[in-house]
Amino acid sequence: MSITNEQELIGMKKISEVVAYTLKEMIAFAAPGMSTKTLDNYGKDILESYGASSAPFKTYGFPGWTCISVDKEFCHGIPSDTRILEEGQLINIDVSAELNGFWSDNGSSFVVGNTPSEHDNLLKASREILHEAIAKISGGVRISDVGELMEKSAKQRGYRVIKNLTGHGVGRSLHEAPHEIANFRDRFNRERFKKNTTVAIETFISTDSSEAVTLKDGWTMVGNKGGYMAQHEHTILVTGGKPLILTSSNGV
């Protein structure tokens with residue numbers, strides 16, 4: 001969305017703080033032996049305490065309040081009473097919500113528990129690439145140029161990017177223009193970032209796959225060639241210079 005006045009900026013800051021706090025608290029709460037549904041309900045309670053509504057549930061009828069993906073599930077994982085978290089598992093939580101007509105989105109991949117993990121380098125790469133991308137964004141910058149930076153940075157670290165998952169505009173709805181902020185240089189995308197707009201920037205950094213495919217449940221996505229993926233996401237306000245990271249309090 002385009003921010004045209006102070007009240008709109010206040011609205012976007014508020015919902016962004018809510019989703020950021022919810023994500024941070026869910027990450028801290030996650031522990032071995034816990035079901036993903038218990039973790040999801042914990043996030044639901046936080047959102048509702050602020051009067052916020054789950055964006056995937058409200059928009060798409062998603063069977064959960066947040067998306068929780070485990071191990072080789074890339075995204076859109078459905079919370080379940082039977083999916084029990086284990087020490088050392090790679091997990092992704094994506095929290096998006098609406099409050100007073102404003103929408104914001106953020107996400108993070110991390111490892112359950114405190115054991116050193118084989119996924120540590122993947123997670124580090126994903127976080128670093130997200131912040132490299134955000135640092136390049138300002139009004140007038142080509143979206144495809146930022147995508148090129150993300151893919152090159154991933155390849156330099158020995159990883160791939162998922163090409164059919166993208167960042168997006170956000171603000172007055174969960175997904176709005178620009179609809180595709182890809183992690184690679186899309187030569188057909190001539191759009192530029194616009195000053196005073198809010199967008200969700202997210203990484204999709206993979207060990208083996210370049211595309212995500214949907215499982216039979218209709219929601220959960222995995223890699224076309226298997227492997228693991230890390231995702232980190234911030235909602236930002238594009239400016240004429242350094243972007244304002246609206247979800248910065250999530251710690252990503």
# chains A, B, ... in the order shown; residues from 1 in each chain; ligands from 1
>>> residues_around(residues="A:Gly101", least_positions_apart="2", cutoff="10 Å", atoms="only C-alpha atoms", output="tab-separated table (two decimals) with N, CA, C and O atoms, in the first residue's frame")
chain	number	residue	atom	x	y	z
A	8	GLU	N	-2.09	6.32	8.58
A	8	GLU	CA	-1.80	5.06	7.89
A	8	GLU	C	-0.47	4.48	8.35
A	8	GLU	O	-0.34	3.26	8.54
A	11	GLY	N	-0.99	2.95	11.71
A	11	GLY	CA	-1.69	1.68	11.57
A	11	GLY	C	-0.77	0.56	11.14
A	11	GLY	O	-0.83	-0.56	11.68
A	12	MET	N	0.10	0.84	10.19
A	12	MET	CA	1.04	-0.18	9.72
A	12	MET	C	2.10	-0.50	10.78
A	12	MET	O	2.50	-1.67	10.93
A	15	ILE	N	0.27	-2.92	13.55
A	15	ILE	CA	0.08	-4.32	13.20
A	15	ILE	C	1.43	-5.00	12.97
A	15	ILE	O	1.60	-6.20	13.28
A	52	ALA	N	-6.02	-8.62	16.95
A	52	ALA	CA	-5.63	-8.89	15.57
A	52	ALA	C	-6.21	-10.22	15.09
A	52	ALA	O	-6.46	-11.12	15.88
A	97	ALA	N	-1.03	-10.98	9.95
A	97	ALA	CA	-2.29	-10.66	10.61
A	97	ALA	C	-2.83	-9.32	10.17
A	97	ALA	O	-2.13	-8.52	9.53
A	98	GLU	N	-4.09	-9.08	10.54
A	98	GLU	CA	-4.79	-7.83	10.22
A	98	GLU	C	-5.27	-7.18	11.52
A	98	GLU	O	-5.71	-7.86	12.45
A	99	LEU	N	-5.17	-5.88	11.57
A	99	LEU	CA	-5.66	-5.10	12.71
A	99	LEU	C	-6.13	-3.74	12.21
A	99	LEU	O	-5.37	-2.99	11.60
A	103	TRP	N	-2.56	-4.71	7.38
A	103	TRP	CA	-2.03	-6.06	7.34
A	103	TRP	C	-0.51	-6.04	7.33
A	103	TRP	O	0.10	-5.17	6.69
A	171	GLY	N	-0.38	-4.46	3.14
A	171	GLY	CA	-0.82	-3.21	3.79
A	171	GLY	C	-2.32	-3.13	3.97
A	171	GLY	O	-2.83	-3.14	5.08
A	172	ARG	N	-3.05	-3.09	2.84
A	172	ARG	CA	-4.50	-3.08	2.90
A	172	ARG	C	-5.09	-4.47	2.66
A	172	ARG	O	-6.29	-4.68	2.74
A	173	SER	N	-4.20	-5.40	2.35
A	173	SER	CA	-4.55	-6.82	2.24
A	173	SER	C	-3.25	-7.59	2.44
A	173	SER	O	-2.17	-7.00	2.50
>>> closest_atom_pairs(of="stretch 68-165 of chain A", to="stretch 234-237 of chain A", cutoff="8 Å", atoms="only C-alpha atoms", output="Markdown table")
| residue | atom | partner | partner_atom | distance |
| --- | --- | --- | --- | --- |
| A:Ser104 | CA | A:Thr235 | CA | 6.4 |
| A:Asp105 | CA | A:Thr235 | CA | 5.9 |
| A:Asn106 | CA | A:His234 | CA | 5.0 |
| A:Gly107 | CA | A:His234 | CA | 7.1 |
>>> select_by_dssp(residues="stretch 31-220 of chain A", states="alpha helix (DSSP H)", output="NGL selection string")
:A and (36-49 or 55-60 or 120-136 or 143-156)
>>> atom_distance(atom1="atom CA of A:Val112", atom2="atom CA of A:Arg83")
13.5 Å
>>> residues_around(residues="A:Phe188", least_positions_apart="6", cutoff="12 Å", atoms="only C-alpha atoms", output="VMD selection string")
chain A and resid 142 to 145 180 182
>>> decode(residues="stretch 193-207 of chain A", atoms="N, CA and C atoms", output="PDB file, in the first residue's frame")
ATOM      1  N   PHE A 193      10.573  -0.429  -7.061  1.00  0.00           N
ATOM      2  CA  PHE A 193      10.027  -0.120  -5.741  1.00  0.00           C
ATOM      3  C   PHE A 193       9.595   1.344  -5.714  1.00  0.00           C
ATOM      4  N   LYS A 194       8.460   1.588  -5.077  1.00  0.00           N
ATOM      5  CA  LYS A 194       7.925   2.948  -5.014  1.00  0.00           C
ATOM      6  C   LYS A 194       8.053   3.507  -3.605  1.00  0.00           C
ATOM      7  N   LYS A 195       8.506   4.741  -3.533  1.00  0.00           N
ATOM      8  CA  LYS A 195       8.654   5.420  -2.253  1.00  0.00           C
ATOM      9  C   LYS A 195       7.319   5.477  -1.514  1.00  0.00           C
ATOM     10  N   ASN A 196       7.383   5.293  -0.204  1.00  0.00           N
ATOM     11  CA  ASN A 196       6.220   5.361   0.693  1.00  0.00           C
ATOM     12  C   ASN A 196       5.247   4.206   0.524  1.00  0.00           C
ATOM     13  N   THR A 197       5.741   3.070   0.027  1.00  0.00           N
ATOM     14  CA  THR A 197       4.907   1.875  -0.036  1.00  0.00           C
ATOM     15  C   THR A 197       5.429   0.839   0.960  1.00  0.00           C
ATOM     16  N   THR A 198       4.539  -0.077   1.348  1.00  0.00           N
ATOM     17  CA  THR A 198       4.927  -1.125   2.284  1.00  0.00           C
ATOM     18  C   THR A 198       4.946  -2.468   1.554  1.00  0.00           C
ATOM     19  N   VAL A 199       6.030  -3.216   1.757  1.00  0.00           N
ATOM     20  CA  VAL A 199       6.211  -4.496   1.083  1.00  0.00           C
ATOM     21  C   VAL A 199       6.788  -5.512   2.066  1.00  0.00           C
ATOM     22  N   ALA A 200       6.514  -6.783   1.796  1.00  0.00           N
ATOM     23  CA  ALA A 200       7.102  -7.876   2.562  1.00  0.00           C
ATOM     24  C   ALA A 200       8.247  -8.458   1.750  1.00  0.00           C
ATOM     25  N   ILE A 201       9.451  -8.371   2.297  1.00  0.00           N
ATOM     26  CA  ILE A 201      10.642  -8.905   1.649  1.00  0.00           C
ATOM     27  C   ILE A 201      10.999 -10.209   2.343  1.00  0.00           C
ATOM     28  N   GLU A 202      11.155 -11.289   1.558  1.00  0.00           N
ATOM     29  CA  GLU A 202      11.450 -12.577   2.180  1.00  0.00           C
ATOM     30  C   GLU A 202      12.414 -13.394   1.339  1.00  0.00           C
ATOM     31  N   THR A 203      13.239 -14.158   2.035  1.00  0.00           N
ATOM     32  CA  THR A 203      14.185 -15.048   1.386  1.00  0.00           C
ATOM     33  C   THR A 203      13.577 -16.435   1.250  1.00  0.00           C
ATOM     34  N   PHE A 204      14.040 -17.155   0.250  1.00  0.00           N
ATOM     35  CA  PHE A 204      13.703 -18.577   0.070  1.00  0.00           C
ATOM     36  C   PHE A 204      14.992 -19.266  -0.370  1.00  0.00           C
ATOM     37  N   ILE A 205      15.836 -19.594   0.599  1.00  0.00           N
ATOM     38  CA  ILE A 205      17.178 -20.107   0.342  1.00  0.00           C
ATOM     39  C   ILE A 205      17.195 -21.611   0.549  1.00  0.00           C
ATOM     40  N   SER A 206      17.606 -22.352  -0.485  1.00  0.00           N
ATOM     41  CA  SER A 206      17.452 -23.796  -0.517  1.00  0.00           C
ATOM     42  C   SER A 206      18.785 -24.533  -0.696  1.00  0.00           C
ATOM     43  N   THR A 207      18.820 -25.750  -0.151  1.00  0.00           N
ATOM     44  CA  THR A 207      20.012 -26.578  -0.311  1.00  0.00           C
ATOM     45  C   THR A 207      20.023 -27.324  -1.635  1.00  0.00           C
TER      46      THR A 207
END
